Amino acid sequence: MEFAELIKTPRVDNVVLHRPFYPAVEGTLCLTGHHLILSSRQDNTEELWLLHSNIDAIDKRFVGPLGTIIIKCKDFRIIQLDIPGMEECLNIASSIEALSTLDSITLMYPFFYRPMFEVIEDGWHSFLPEQEFELYSSATSEWRLSYVNKEFAVCPSYPPIVIVPKAMDDEALRKVATFRHGGRFPVLSYYHKKNGMVIMRSGQPLTGTNGRRCKEDEKLINATLRAGKRGYIIDTRPLNVAQQARAKGGGFEQEAHYPQWRRIHKSIERYHILQESLIKLVEACNDQTHNMDRWLSRLEASNWLTHIKEILTTACLAAQCLDREGASILIHGTEGTDSTLQVTSLAQIILEPRSRTIRGFEALIEREWLQAGHPFQQRCAQSAYCNSKQKWESPVFLLFLDCVWQILRQFPCSFEFNENLLIMLFEHAYASQFGTFLGNNESERCKLKLQQKTMSLWSWVNRPSELSKFTNPLFEANNLVIWPSVAPQSLQLWEGIFLRWNRSSKYLDEAYEEMVNIIEYNKELQAKVNILRRQLAELETEDGMQESP
């Protein structure tokens with residue numbers, strides 16, 4: 001298919017652009033295969049370059065010969081284009097609709113993008129499972145790398161290499177995979193060096209109504225327990241949902257077959273419930289007519305902060321089991337690709353100082369989201385504005401990023417990165433020039449040959465010129481476990497995401513710059529103090545030598 005077939009009118013003059021925080025500007029609108037571009041001949045006017053894949057929905061209005069297109073973006077921005085001529089307006093609108101909903105992944109911009117920067121590091125090879133395993137292998141000999149999934153034959157949503165107990169051979173793993181949803185047998189998610197306890201994750205067991213069991217599964221899970229120790233299974237579904245799953249062939253671990261494990265059910269919502277919550281929240285944030293009561297009532301009705309609280313509470317429980325109770329845990333919901341990953345990754349941010357550094361956080365995203373099989377292509381297909389909802393769209397990753405922001409806000413000196421990194425990850429998960437978030441799992445990415453045909457997001461982010469934008473000036477390495485408050489009054493609306501197009505951040509940006517200047521000035525003064533102290537010590541030494549006979 002040629003993009004030209006979809007572009008009925010490639011260029012229109014005298015188009016007026018309205019967007020948040022910028023004066024209206026008149027210019028020429030151009031449509032390419034991947035971008036909507038508006039450029040003006042006015043001095044000091046920034047051009048608009050908008051990826052078609054960032055467009056969530058469009059509305060059309062007509063007043064006489066003038067047509068207006070309102071573009072609603074996946075990053076929650078709303079842009080208005082005033083286009084002279086009804087035919088041109090209709091042509092532009094239908095072209096945008098076609099180009100923003102391309103079916104084929106290989107027609108998306110990452111396959112056509114060529115970087116204008118020097119590639120210092122190949123991001124596709126920055127966070128390999130072997131490298132992660134090396135971090136653990138120095139502390140324990142009880143785990144091994146398994147290549148049982150080398151051709152994605154055992155589990156299509158797992159990477160080719162996983163970390164499993166050394167006591168389990170690959171043949172046993174194949175048997176366990178037939179007993180777990182989607183073949184997602186229990187694998188190592190995190191090793192707590194402080195006490196040797198672990199977090200594992202998996203899909204639900206396929207016990208069904210007959211109470212089916214798998215000896216190899218029981219052996220695998222028990223292989224992580226120390227003598228005389230108990231473990232916890234955290235099921236992210238309410239008990240009634242887990243019980244209903246048995247009728248469809250799913251289920252949960254029976255106490256009789258897993259006597260050393262205590263099962264805890266939590267209630268983390270998924271799919272359309274989260275999507276509806278996001279839609280309600282964004283609608284509330286965009287409504288400028290609120291009085292205080294109505295705003296608070298709509299914020300509460302969205303249930304967004306309630307979902308944040310549930311996820312953080314479960315992550316804190318997991319961290320508590322590991323760090324304070326000295327118990328290993330297994331986490332799963334149904335598939336093990338959504339709420340499971342929210343909990344395993346947030347628990348690591350609470351427990352592991354490395355996950356709060358820039359590189360460590362990138363490794364966490366790669367390991368616990370991309371390699372672990374979170375279906376980004378499905379979940380992030382649409383955002384808060386699209387009318388044609390599919391059942392698999394859900395802001396699971398955005399909720400995770402929001403939870404990280406809540407912890408960052410409570411511990412502003414314990415993170416090497418700032419909220420700009422979180423906002424950037426949100427934007428690129430929904431629309432990007434990089435191939436990192438394309439596909440639903442490693443198997444799909446392998447078939448698409450993303451490593452050969454697209455650029456990794458990490459290749460761009462980890463350049464020194466970019467890293468400076470994402471670095472937190474307040475960071476002081478903190479090797480302790482950090483325990484976030486999940487009390488309702490401790491959780492706030494993330495303005496940097498949900499209100500950034502509704503009110504100017506000019507004064508916040510100025511305050512941030514001033515803070516950075518103060519910190520830099522403080523460092524300069526500290527350096528001068530250190531020099532003066534050294535000089536004073538040298539003078540005192542000389543005086544002492546002169547006074548001694």
# chains A, B, ... in the order shown; residues from 1 in each chain; ligands from 1

$ select_by_dssp --residues "stretch 281-484 of chain A" --states "helix (DSSP H, G or I)" --output "NGL selection string"
:A and (281-286 or 292-302 or 304-323 or 339-351 or 353-356 or 358-370 or 376-379 or 396-410 or 419-430 or 442-448 or 450-453 or 457-461 or 464-470)

$ residues_around --residues "stretch 320-328 of chain A" --least-positions-apart "3" --cutoff "6 Å" --atoms "only C-alpha atoms" --output "number ranges by chain"
A: 197-198, 231, 316-317

$ closest_atom_pairs --of "stretch 393-430 of chain A" --to "stretch 480-487 of chain A" --cutoff "12 Å" --atoms "only C-alpha atoms" --output "CSV"
residue,atom,partner,partner_atom,distance
A:Cys403,CA,A:Pro484,CA,10.0
A:Val404,CA,A:Pro484,CA,10.1
A:Trp405,CA,A:Pro484,CA,11.0
A:Gln406,CA,A:Pro484,CA,8.2
A:Ile407,CA,A:Pro484,CA,5.9
A:Leu408,CA,A:Pro484,CA,9.1
A:Arg409,CA,A:Pro484,CA,9.6
A:Gln410,CA,A:Pro484,CA,6.8
A:Phe411,CA,A:Ile482,CA,7.8
A:Pro412,CA,A:Ile482,CA,11.3
A:Cys413,CA,A:Ile482,CA,11.3
A:Ser414,CA,A:Ile482,CA,8.5
A:Phe415,CA,A:Ile482,CA,10.8

$ write_last_selection --atoms "C-alpha atoms" --output "mmCIF file, in the first residue's frame"
data_model
loop_
_atom_site.group_PDB
_atom_site.id
_atom_site.type_symbol
_atom_site.label_atom_id
_atom_site.label_comp_id
_atom_site.auth_asym_id
_atom_site.auth_seq_id
_atom_site.Cartn_x
_atom_site.Cartn_y
_atom_site.Cartn_z
ATOM 1 C CA CYS A 403 2.364 4.899 41.021
ATOM 2 C CA VAL A 404 6.095 5.531 40.488
ATOM 3 C CA TRP A 405 5.390 9.277 40.404
ATOM 4 C CA GLN A 406 3.485 9.000 43.722
ATOM 5 C CA ILE A 407 6.540 7.338 45.337
ATOM 6 C CA LEU A 408 8.911 9.851 43.705
ATOM 7 C CA ARG A 409 6.839 12.707 45.113
ATOM 8 C CA GLN A 410 7.033 11.208 48.610
ATOM 9 C CA PHE A 411 10.791 10.492 48.354
ATOM 10 C CA PRO A 412 12.082 13.324 46.123
ATOM 11 C CA CYS A 413 15.774 12.737 46.954
ATOM 12 C CA SER A 414 15.804 8.942 46.514
ATOM 13 C CA PHE A 415 15.363 8.847 42.715
#

$ closest_residue --among "A:Leu421, A:Val396, A:Cys155, A:Leu370" --to "A:Leu128" --atoms "only C-alpha atoms"
A:Leu370

$ closest_atom_pairs --of "stretch 173-263 of chain A" --to "stretch 145-152 of chain A" --cutoff "12 Å" --atoms "only C-alpha atoms" --output "CSV"
residue,atom,partner,partner_atom,distance
A:Leu173,CA,A:Val148,CA,7.7
A:Arg174,CA,A:Val148,CA,7.8
A:Lys175,CA,A:Val148,CA,11.5
A:Val176,CA,A:Val148,CA,11.9
A:Ala177,CA,A:Asn149,CA,10.4
A:Gly182,CA,A:Phe152,CA,11.7
A:Gly183,CA,A:Asn149,CA,10.2
A:Arg184,CA,A:Asn149,CA,10.6
A:Phe185,CA,A:Asn149,CA,10.9
A:Val187,CA,A:Ser146,CA,9.9
A:Leu188,CA,A:Leu145,CA,10.0

$ residues_around --residues "A:Cys214" --least-positions-apart "2" --cutoff "12 Å" --atoms "only C-alpha atoms" --output "list in words"
Ala172, Leu173, Arg174, Lys175, Val176, Ala177, Thr178, Phe179, Arg180, Phe185, Pro205, Leu206, Thr207, Gly211, Arg212, Glu216, Asp217, Glu218, Lys219, Leu220, Ile221, Glu253, Gln254, His257 and Tyr258 of chain A

$ write_last_selection --atoms "N, CA, C and O atoms" --output "JSON list (two decimals), in the first residue's frame"
[["chain", "number", "residue", "atom", "x", "y", "z"],
["A", 172, "ALA", "N", 11.10, -30.58, 33.13],
["A", 172, "ALA", "CA", 10.11, -30.28, 34.18],
["A", 172, "ALA", "C", 9.44, -28.93, 33.90],
["A", 172, "ALA", "O", 8.23, -28.77, 34.10],
["A", 173, "LEU", "N", 10.21, -27.97, 33.39],
["A", 173, "LEU", "CA", 9.65, -26.64, 33.08],
["A", 173, "LEU", "C", 8.58, -26.76, 31.99],
["A", 173, "LEU", "O", 7.55, -26.06, 32.03],
["A", 174, "ARG", "N", 8.82, -27.64, 31.01],
["A", 174, "ARG", "CA", 7.83, -27.83, 29.94],
["A", 174, "ARG", "C", 6.52, -28.36, 30.50],
["A", 174, "ARG", "O", 5.43, -27.96, 30.08],
["A", 175, "LYS", "N", 6.61, -29.25, 31.48],
["A", 175, "LYS", "CA", 5.40, -29.80, 32.10],
["A", 175, "LYS", "C", 4.66, -28.73, 32.89],
["A", 175, "LYS", "O", 3.43, -28.64, 32.86],
["A", 176, "VAL", "N", 5.45, -27.91, 33.62],
["A", 176, "VAL", "CA", 4.83, -26.83, 34.41],
["A", 176, "VAL", "C", 4.12, -25.85, 33.47],
["A", 176, "VAL", "O", 3.02, -25.35, 33.78],
["A", 177, "ALA", "N", 4.73, -25.57, 32.32],
["A", 177, "ALA", "CA", 4.15, -24.61, 31.37],
["A", 177, "ALA", "C", 2.75, -25.05, 30.90],
["A", 177, "ALA", "O", 1.88, -24.21, 30.67],
["A", 178, "THR", "N", 2.53, -26.36, 30.79],
["A", 178, "THR", "CA", 1.20, -26.83, 30.37],
["A", 178, "THR", "C", 0.16, -26.66, 31.48],
["A", 178, "THR", "O", -1.04, -26.76, 31.23],
["A", 179, "PHE", "N", 0.63, -26.37, 32.69],
["A", 179, "PHE", "CA", -0.27, -26.22, 33.85],
["A", 179, "PHE", "C", -0.53, -24.74, 34.18],
["A", 179, "PHE", "O", -1.30, -24.44, 35.08],
["A", 180, "ARG", "N", 0.13, -23.85, 33.47],
["A", 180, "ARG", "CA", 0.00, -22.40, 33.75],
["A", 180, "ARG", "C", -0.57, -21.67, 32.54],
["A", 180, "ARG", "O", -0.26, -22.00, 31.40],
["A", 185, "PHE", "N", 5.01, -20.28, 33.13],
["A", 185, "PHE", "CA", 5.44, -20.98, 34.34],
["A", 185, "PHE", "C", 6.18, -20.00, 35.28],
["A", 185, "PHE", "O", 6.68, -18.96, 34.82],
["A", 205, "PRO", "N", -2.70, -20.97, 37.72],
["A", 205, "PRO", "CA", -2.67, -22.42, 37.47],
["A", 205, "PRO", "C", -3.97, -22.88, 36.84],
["A", 205, "PRO", "O", -5.05, -22.37, 37.15],
["A", 206, "LEU", "N", -3.87, -23.84, 35.94],
["A", 206, "LEU", "CA", -5.05, -24.34, 35.22],
["A", 206, "LEU", "C", -5.64, -25.53, 35.99],
["A", 206, "LEU", "O", -5.63, -26.67, 35.52],
["A", 207, "THR", "N", -6.16, -25.23, 37.17],
["A", 207, "THR", "CA", -6.69, -26.31, 38.03],
["A", 207, "THR", "C", -8.07, -26.76, 37.57],
["A", 207, "THR", "O", -8.42, -27.93, 37.68],
["A", 211, "GLY", "N", -9.98, -29.66, 40.07],
["A", 211, "GLY", "CA", -8.85, -29.54, 41.00],
["A", 211, "GLY", "C", -7.59, -30.22, 40.48],
["A", 211, "GLY", "O", -6.84, -30.85, 41.23],
["A", 212, "ARG", "N", -7.33, -30.06, 39.18],
["A", 212, "ARG", "CA", -6.13, -30.64, 38.56],
["A", 212, "ARG", "C", -4.88, -30.14, 39.28],
["A", 212, "ARG", "O", -4.83, -29.01, 39.75],
["A", 216, "GLU", "N", 5.27, -31.19, 39.22],
["A", 216, "GLU", "CA", 6.44, -30.37, 38.86],
["A", 216, "GLU", "C", 6.25, -28.92, 39.25],
["A", 216, "GLU", "O", 7.20, -28.24, 39.65],
["A", 217, "ASP", "N", 5.00, -28.43, 39.14],
["A", 217, "ASP", "CA", 4.70, -27.05, 39.54],
["A", 217, "ASP", "C", 4.92, -26.88, 41.03],
["A", 217, "ASP", "O", 5.53, -25.91, 41.49],
["A", 218, "GLU", "N", 4.43, -27.85, 41.80],
["A", 218, "GLU", "CA", 4.60, -27.80, 43.25],
["A", 218, "GLU", "C", 6.08, -27.84, 43.62],
["A", 218, "GLU", "O", 6.54, -27.11, 44.51],
["A", 219, "LYS", "N", 6.84, -28.68, 42.92],
["A", 219, "LYS", "CA", 8.28, -28.80, 43.19],
["A", 219, "LYS", "C", 9.00, -27.49, 42.85],
["A", 219, "LYS", "O", 9.86, -27.03, 43.61],
["A", 220, "LEU", "N", 8.63, -26.88, 41.72],
["A", 220, "LEU", "CA", 9.29, -25.63, 41.30],
["A", 220, "LEU", "C", 9.08, -24.54, 42.34],
["A", 220, "LEU", "O", 10.03, -23.87, 42.76],
["A", 221, "ILE", "N", 7.84, -24.37, 42.76],
["A", 221, "ILE", "CA", 7.55, -23.30, 43.72],
["A", 221, "ILE", "C", 8.23, -23.57, 45.07],
["A", 221, "ILE", "O", 8.81, -22.69, 45.68],
["A", 253, "GLU", "N", -4.01, -21.88, 43.41],
["A", 253, "GLU", "CA", -3.29, -22.96, 44.08],
["A", 253, "GLU", "C", -4.09, -23.47, 45.28],
["A", 253, "GLU", "O", -4.45, -22.69, 46.16],
["A", 254, "GLN", "N", -4.33, -24.79, 45.32],
["A", 254, "GLN", "CA", -5.06, -25.40, 46.44],
["A", 254, "GLN", "C", -4.13, -25.56, 47.64],
["A", 254, "GLN", "O", -3.00, -26.01, 47.49],
["A", 257, "HIS", "N", -2.28, -28.86, 48.17],
["A", 257, "HIS", "CA", -1.13, -29.20, 47.32],
["A", 257, "HIS", "C", 0.04, -28.25, 47.52],
["A", 257, "HIS", "O", 1.15, -28.55, 47.08],
["A", 258, "TYR", "N", -0.23, -27.13, 48.15],
["A", 258, "TYR", "CA", 0.83, -26.15, 48.42],
["A", 258, "TYR", "C", 0.79, -25.77, 49.91],
["A", 258, "TYR", "O", 0.52, -24.61, 50.26]]

$ closest_residue --among "A:Asn91, A:Thr106, A:Val282, A:Ile79" --to "A:His18" --atoms "only C-alpha atoms"
A:Ile79

$ atom_distance --atom1 "atom CA of A:Arg246" --atom2 "atom CA of A:Ser189"
25.9 Å

$ closest_residue --among "A:Gly439, A:Gly249, A:Gly373, A:Pro20" --to "A:Phe76" --atoms "only C-alpha atoms"
A:Pro20

$ closest_atom_pairs --of "stretch 287-397 of chain A" --to "stretch 490-508 of chain A" --cutoff "12 Å" --atoms "only C-alpha atoms" --output "JSON lines"
{"residue": "A:Asp287", "atom": "CA", "partner": "A:Asn502", "partner_atom": "CA", "distance": 9.3}
{"residue": "A:Gln288", "atom": "CA", "partner": "A:Asn502", "partner_atom": "CA", "distance": 8.5}
{"residue": "A:Leu296", "atom": "CA", "partner": "A:Leu493", "partner_atom": "CA", "distance": 11.1}
{"residue": "A:Leu299", "atom": "CA", "partner": "A:Leu493", "partner_atom": "CA", "distance": 8.8}
{"residue": "A:Glu300", "atom": "CA", "partner": "A:Leu493", "partner_atom": "CA", "distance": 10.8}
{"residue": "A:Ser302", "atom": "CA", "partner": "A:Leu493", "partner_atom": "CA", "distance": 11.6}
{"residue": "A:Asn303", "atom": "CA", "partner": "A:Leu493", "partner_atom": "CA", "distance": 11.4}
{"residue": "A:Trp304", "atom": "CA", "partner": "A:Leu493", "partner_atom": "CA", "distance": 8.8}
{"residue": "A:Leu305", "atom": "CA", "partner": "A:Leu491", "partner_atom": "CA", "distance": 7.0}
{"residue": "A:Thr306", "atom": "CA", "partner": "A:Leu491", "partner_atom": "CA", "distance": 9.3}
{"residue": "A:His307", "atom": "CA", "partner": "A:Leu491", "partner_atom": "CA", "distance": 11.0}
{"residue": "A:Ile308", "atom": "CA", "partner": "A:Leu491", "partner_atom": "CA", "distance": 8.1}
{"residue": "A:Lys309", "atom": "CA", "partner": "A:Leu491", "partner_atom": "CA", "distance": 7.7}
{"residue": "A:Glu310", "atom": "CA", "partner": "A:Leu491", "partner_atom": "CA", "distance": 11.5}
{"residue": "A:Leu312", "atom": "CA", "partner": "A:Leu491", "partner_atom": "CA", "distance": 10.2}
{"residue": "A:Thr313", "atom": "CA", "partner": "A:Leu491", "partner_atom": "CA", "distance": 11.8}
{"residue": "A:Ala384", "atom": "CA", "partner": "A:Phe498", "partner_atom": "CA", "distance": 11.0}

$ atom_distance --atom1 "atom CA of A:Ala284" --atom2 "atom CA of A:Asp56"
17.7 Å

$ closest_residue --among "A:Ser157, A:Thr541, A:Thr334, A:Ser443" --to "A:Gln243" --atoms "only C-alpha atoms"
A:Thr334

$ residues_around --residues "A:Thr454" --least-positions-apart "3" --cutoff "8 Å" --atoms "only C-alpha atoms" --output "list in words"
Pro110, Phe111, Phe112, Tyr113, Phe434, Gly435, Leu450 and Gln451 of chain A

$ write_last_selection --atoms "C-alpha atoms" --output "short mmCIF file (atom, residue, chain, number, x, y, z; two decimals), in the first residue's frame"
data_model
loop_
_atom_site.label_atom_id
_atom_site.label_comp_id
_atom_site.auth_asym_id
_atom_site.auth_seq_id
_atom_site.Cartn_x
_atom_site.Cartn_y
_atom_site.Cartn_z
CA PRO A 110 9.61 3.41 13.56
CA PHE A 111 10.22 1.35 10.39
CA PHE A 112 10.84 4.56 8.39
CA TYR A 113 12.58 6.69 11.03
CA PHE A 434 11.35 4.14 18.17
CA GLY A 435 10.56 0.43 17.98
CA LEU A 450 12.68 -4.73 15.26
CA GLN A 451 16.35 -4.89 16.30
#

$ select_by_dssp --residues "stretch 127-227 of chain A" --states "strand (DSSP E or B)" --output "ChimeraX atom specification"
/A:143-146,162-165,180,187-192,197-201,205

$ write_last_selection --atoms "N, CA and C atoms" --output "PDB file, in the first residue's frame"
ATOM      1  N   TRP A 143      20.020 -20.467  41.456  1.00  0.00           N
ATOM      2  CA  TRP A 143      19.241 -20.156  40.250  1.00  0.00           C
ATOM      3  C   TRP A 143      20.104 -20.349  39.014  1.00  0.00           C
ATOM      4  N   ARG A 144      19.436 -20.517  37.881  1.00  0.00           N
ATOM      5  CA  ARG A 144      20.166 -20.704  36.621  1.00  0.00           C
ATOM      6  C   ARG A 144      19.425 -20.039  35.477  1.00  0.00           C
ATOM      7  N   LEU A 145      20.146 -19.806  34.400  1.00  0.00           N
ATOM      8  CA  LEU A 145      19.528 -19.337  33.160  1.00  0.00           C
ATOM      9  C   LEU A 145      18.996 -20.541  32.408  1.00  0.00           C
ATOM     10  N   SER A 146      17.749 -20.485  31.961  1.00  0.00           N
ATOM     11  CA  SER A 146      17.179 -21.563  31.156  1.00  0.00           C
ATOM     12  C   SER A 146      16.882 -21.043  29.754  1.00  0.00           C
ATOM     13  N   VAL A 162      15.114 -17.256  30.535  1.00  0.00           N
ATOM     14  CA  VAL A 162      14.478 -16.931  31.821  1.00  0.00           C
ATOM     15  C   VAL A 162      15.329 -17.483  32.963  1.00  0.00           C
ATOM     16  N   ILE A 163      15.103 -16.945  34.167  1.00  0.00           N
ATOM     17  CA  ILE A 163      15.849 -17.402  35.345  1.00  0.00           C
ATOM     18  C   ILE A 163      14.925 -18.290  36.174  1.00  0.00           C
ATOM     19  N   VAL A 164      15.390 -19.505  36.462  1.00  0.00           N
ATOM     20  CA  VAL A 164      14.569 -20.500  37.175  1.00  0.00           C
ATOM     21  C   VAL A 164      15.416 -21.173  38.261  1.00  0.00           C
ATOM     22  N   PRO A 165      14.762 -21.882  39.223  1.00  0.00           N
ATOM     23  CA  PRO A 165      15.539 -22.606  40.239  1.00  0.00           C
ATOM     24  C   PRO A 165      16.456 -23.651  39.603  1.00  0.00           C
ATOM     25  N   ARG A 180       0.130 -23.846  33.471  1.00  0.00           N
ATOM     26  CA  ARG A 180      -0.003 -22.404  33.751  1.00  0.00           C
ATOM     27  C   ARG A 180      -0.573 -21.673  32.543  1.00  0.00           C
ATOM     28  N   VAL A 187       8.762 -17.833  37.085  1.00  0.00           N
ATOM     29  CA  VAL A 187      10.160 -17.452  36.829  1.00  0.00           C
ATOM     30  C   VAL A 187      10.578 -16.392  37.844  1.00  0.00           C
ATOM     31  N   LEU A 188      11.897 -16.227  37.967  1.00  0.00           N
ATOM     32  CA  LEU A 188      12.419 -15.243  38.929  1.00  0.00           C
ATOM     33  C   LEU A 188      12.174 -13.827  38.419  1.00  0.00           C
ATOM     34  N   SER A 189      11.621 -13.000  39.278  1.00  0.00           N
ATOM     35  CA  SER A 189      11.438 -11.588  38.965  1.00  0.00           C
ATOM     36  C   SER A 189      12.469 -10.743  39.720  1.00  0.00           C
ATOM     37  N   TYR A 190      12.725 -11.097  40.982  1.00  0.00           N
ATOM     38  CA  TYR A 190      13.637 -10.283  41.804  1.00  0.00           C
ATOM     39  C   TYR A 190      14.244 -11.133  42.914  1.00  0.00           C
ATOM     40  N   TYR A 191      15.543 -10.946  43.139  1.00  0.00           N
ATOM     41  CA  TYR A 191      16.265 -11.627  44.229  1.00  0.00           C
ATOM     42  C   TYR A 191      16.679 -10.560  45.247  1.00  0.00           C
ATOM     43  N   HIS A 192      16.218 -10.721  46.498  1.00  0.00           N
ATOM     44  CA  HIS A 192      16.498  -9.736  47.558  1.00  0.00           C
ATOM     45  C   HIS A 192      17.799 -10.130  48.259  1.00  0.00           C
ATOM     46  N   MET A 197      15.583 -13.876  49.819  1.00  0.00           N
ATOM     47  CA  MET A 197      14.197 -14.169  49.425  1.00  0.00           C
ATOM     48  C   MET A 197      13.948 -13.663  48.001  1.00  0.00           C
ATOM     49  N   VAL A 198      12.899 -14.204  47.364  1.00  0.00           N
ATOM     50  CA  VAL A 198      12.668 -13.879  45.956  1.00  0.00           C
ATOM     51  C   VAL A 198      11.210 -13.517  45.679  1.00  0.00           C
ATOM     52  N   ILE A 199      11.030 -12.785  44.559  1.00  0.00           N
ATOM     53  CA  ILE A 199       9.707 -12.594  43.961  1.00  0.00           C
ATOM     54  C   ILE A 199       9.691 -13.398  42.666  1.00  0.00           C
ATOM     55  N   MET A 200       8.694 -14.261  42.525  1.00  0.00           N
ATOM     56  CA  MET A 200       8.460 -14.954  41.255  1.00  0.00           C
ATOM     57  C   MET A 200       7.136 -14.468  40.676  1.00  0.00           C
ATOM     58  N   ARG A 201       6.983 -14.643  39.367  1.00  0.00           N
ATOM     59  CA  ARG A 201       5.705 -14.302  38.742  1.00  0.00           C
ATOM     60  C   ARG A 201       5.344 -15.388  37.740  1.00  0.00           C
ATOM     61  N   PRO A 205      -2.704 -20.972  37.718  1.00  0.00           N
ATOM     62  CA  PRO A 205      -2.667 -22.417  37.472  1.00  0.00           C
ATOM     63  C   PRO A 205      -3.968 -22.878  36.837  1.00  0.00           C
TER      64      PRO A 205
END

$ atom_distance --atom1 "atom CA of A:Asn195" --atom2 "atom CA of A:Thr224"
12.6 Å

$ residues_around --residues "A:Leu107" --least-positions-apart "2" --cutoff "10 Å" --atoms "only C-alpha atoms" --output "PyMOL selection string"
chain A and resi 1-3+33-34+99+102-105+109-112

$ residues_around --residues "A:Arg359" --least-positions-apart "4" --cutoff "12 Å" --atoms "only C-alpha atoms" --output "PyMOL selection string"
chain A and resi 123+126-127+353-355+363-366+415-417+421+458+461-463+467+470-471

$ write_last_selection --atoms "N, CA, C and O atoms" --output "tab-separated table (two decimals), in the first residue's frame"
chain	number	residue	atom	x	y	z
A	123	GLY	N	20.72	0.42	22.10
A	123	GLY	CA	19.78	0.15	23.19
A	123	GLY	C	19.18	-1.24	23.17
A	123	GLY	O	18.75	-1.75	24.20
A	126	SER	N	21.26	-3.28	25.53
A	126	SER	CA	21.64	-2.64	26.80
A	126	SER	C	21.22	-3.44	28.02
A	126	SER	O	21.87	-3.37	29.06
A	127	PHE	N	20.13	-4.19	27.92
A	127	PHE	CA	19.58	-4.86	29.12
A	127	PHE	C	19.22	-6.31	28.80
A	127	PHE	O	18.06	-6.68	28.75
A	353	PRO	N	17.44	-0.12	45.63
A	353	PRO	CA	17.92	1.23	45.27
A	353	PRO	C	18.31	1.35	43.80
A	353	PRO	O	18.12	2.41	43.19
A	354	ARG	N	18.81	0.26	43.19
A	354	ARG	CA	19.23	0.32	41.78
A	354	ARG	C	18.05	0.66	40.88
A	354	ARG	O	18.22	1.36	39.87
A	355	SER	N	16.85	0.19	41.23
A	355	SER	CA	15.67	0.47	40.40
A	355	SER	C	15.27	1.93	40.44
A	355	SER	O	14.43	2.36	39.66
A	363	ALA	N	16.27	-0.71	33.04
A	363	ALA	CA	16.41	-2.17	33.08
A	363	ALA	C	15.13	-2.81	33.61
A	363	ALA	O	14.71	-3.87	33.13
A	364	LEU	N	14.51	-2.16	34.59
A	364	LEU	CA	13.25	-2.66	35.16
A	364	LEU	C	12.14	-2.66	34.11
A	364	LEU	O	11.40	-3.64	33.98
A	365	ILE	N	12.02	-1.57	33.36
A	365	ILE	CA	11.00	-1.48	32.29
A	365	ILE	C	11.25	-2.59	31.26
A	365	ILE	O	10.32	-3.27	30.82
A	366	GLU	N	12.50	-2.76	30.89
A	366	GLU	CA	12.85	-3.77	29.90
A	366	GLU	C	12.53	-5.17	30.40
A	366	GLU	O	11.90	-5.98	29.71
A	415	PHE	N	15.42	9.27	44.12
A	415	PHE	CA	15.36	8.85	42.72
A	415	PHE	C	16.35	9.66	41.89
A	415	PHE	O	16.39	10.89	42.00
A	416	GLU	N	17.12	8.96	41.06
A	416	GLU	CA	18.07	9.67	40.20
A	416	GLU	C	17.36	10.37	39.05
A	416	GLU	O	17.88	11.32	38.47
A	417	PHE	N	16.13	9.91	38.71
A	417	PHE	CA	15.40	10.50	37.60
A	417	PHE	C	14.26	11.39	38.11
A	417	PHE	O	13.84	11.27	39.26
A	421	LEU	N	11.19	11.79	32.87
A	421	LEU	CA	11.45	10.45	32.34
A	421	LEU	C	10.15	9.64	32.28
A	421	LEU	O	9.88	8.93	31.31
A	458	TRP	N	16.15	3.41	24.05
A	458	TRP	CA	17.27	3.60	24.99
A	458	TRP	C	18.50	4.18	24.29
A	458	TRP	O	19.31	4.85	24.93
A	461	VAL	N	17.64	7.89	24.64
A	461	VAL	CA	17.54	8.40	26.02
A	461	VAL	C	18.90	8.47	26.70
A	461	VAL	O	19.19	9.41	27.43
A	462	ASN	N	19.77	7.47	26.44
A	462	ASN	CA	21.02	7.37	27.20
A	462	ASN	C	22.17	8.19	26.63
A	462	ASN	O	23.31	8.01	27.05
A	463	ARG	N	21.89	9.09	25.72
A	463	ARG	CA	22.89	10.05	25.28
A	463	ARG	C	23.01	11.15	26.32
A	463	ARG	O	22.00	11.62	26.86
A	467	LEU	N	20.07	12.70	28.73
A	467	LEU	CA	20.01	12.28	30.13
A	467	LEU	C	19.88	13.47	31.09
A	467	LEU	O	19.23	13.37	32.12
A	470	PHE	N	16.45	14.32	32.16
A	470	PHE	CA	15.74	13.35	33.00
A	470	PHE	C	16.39	13.16	34.37
A	470	PHE	O	15.95	12.32	35.16
A	471	THR	N	17.44	13.93	34.66
A	471	THR	CA	18.19	13.75	35.91
A	471	THR	C	17.61	14.63	37.01
A	471	THR	O	17.35	15.82	36.81
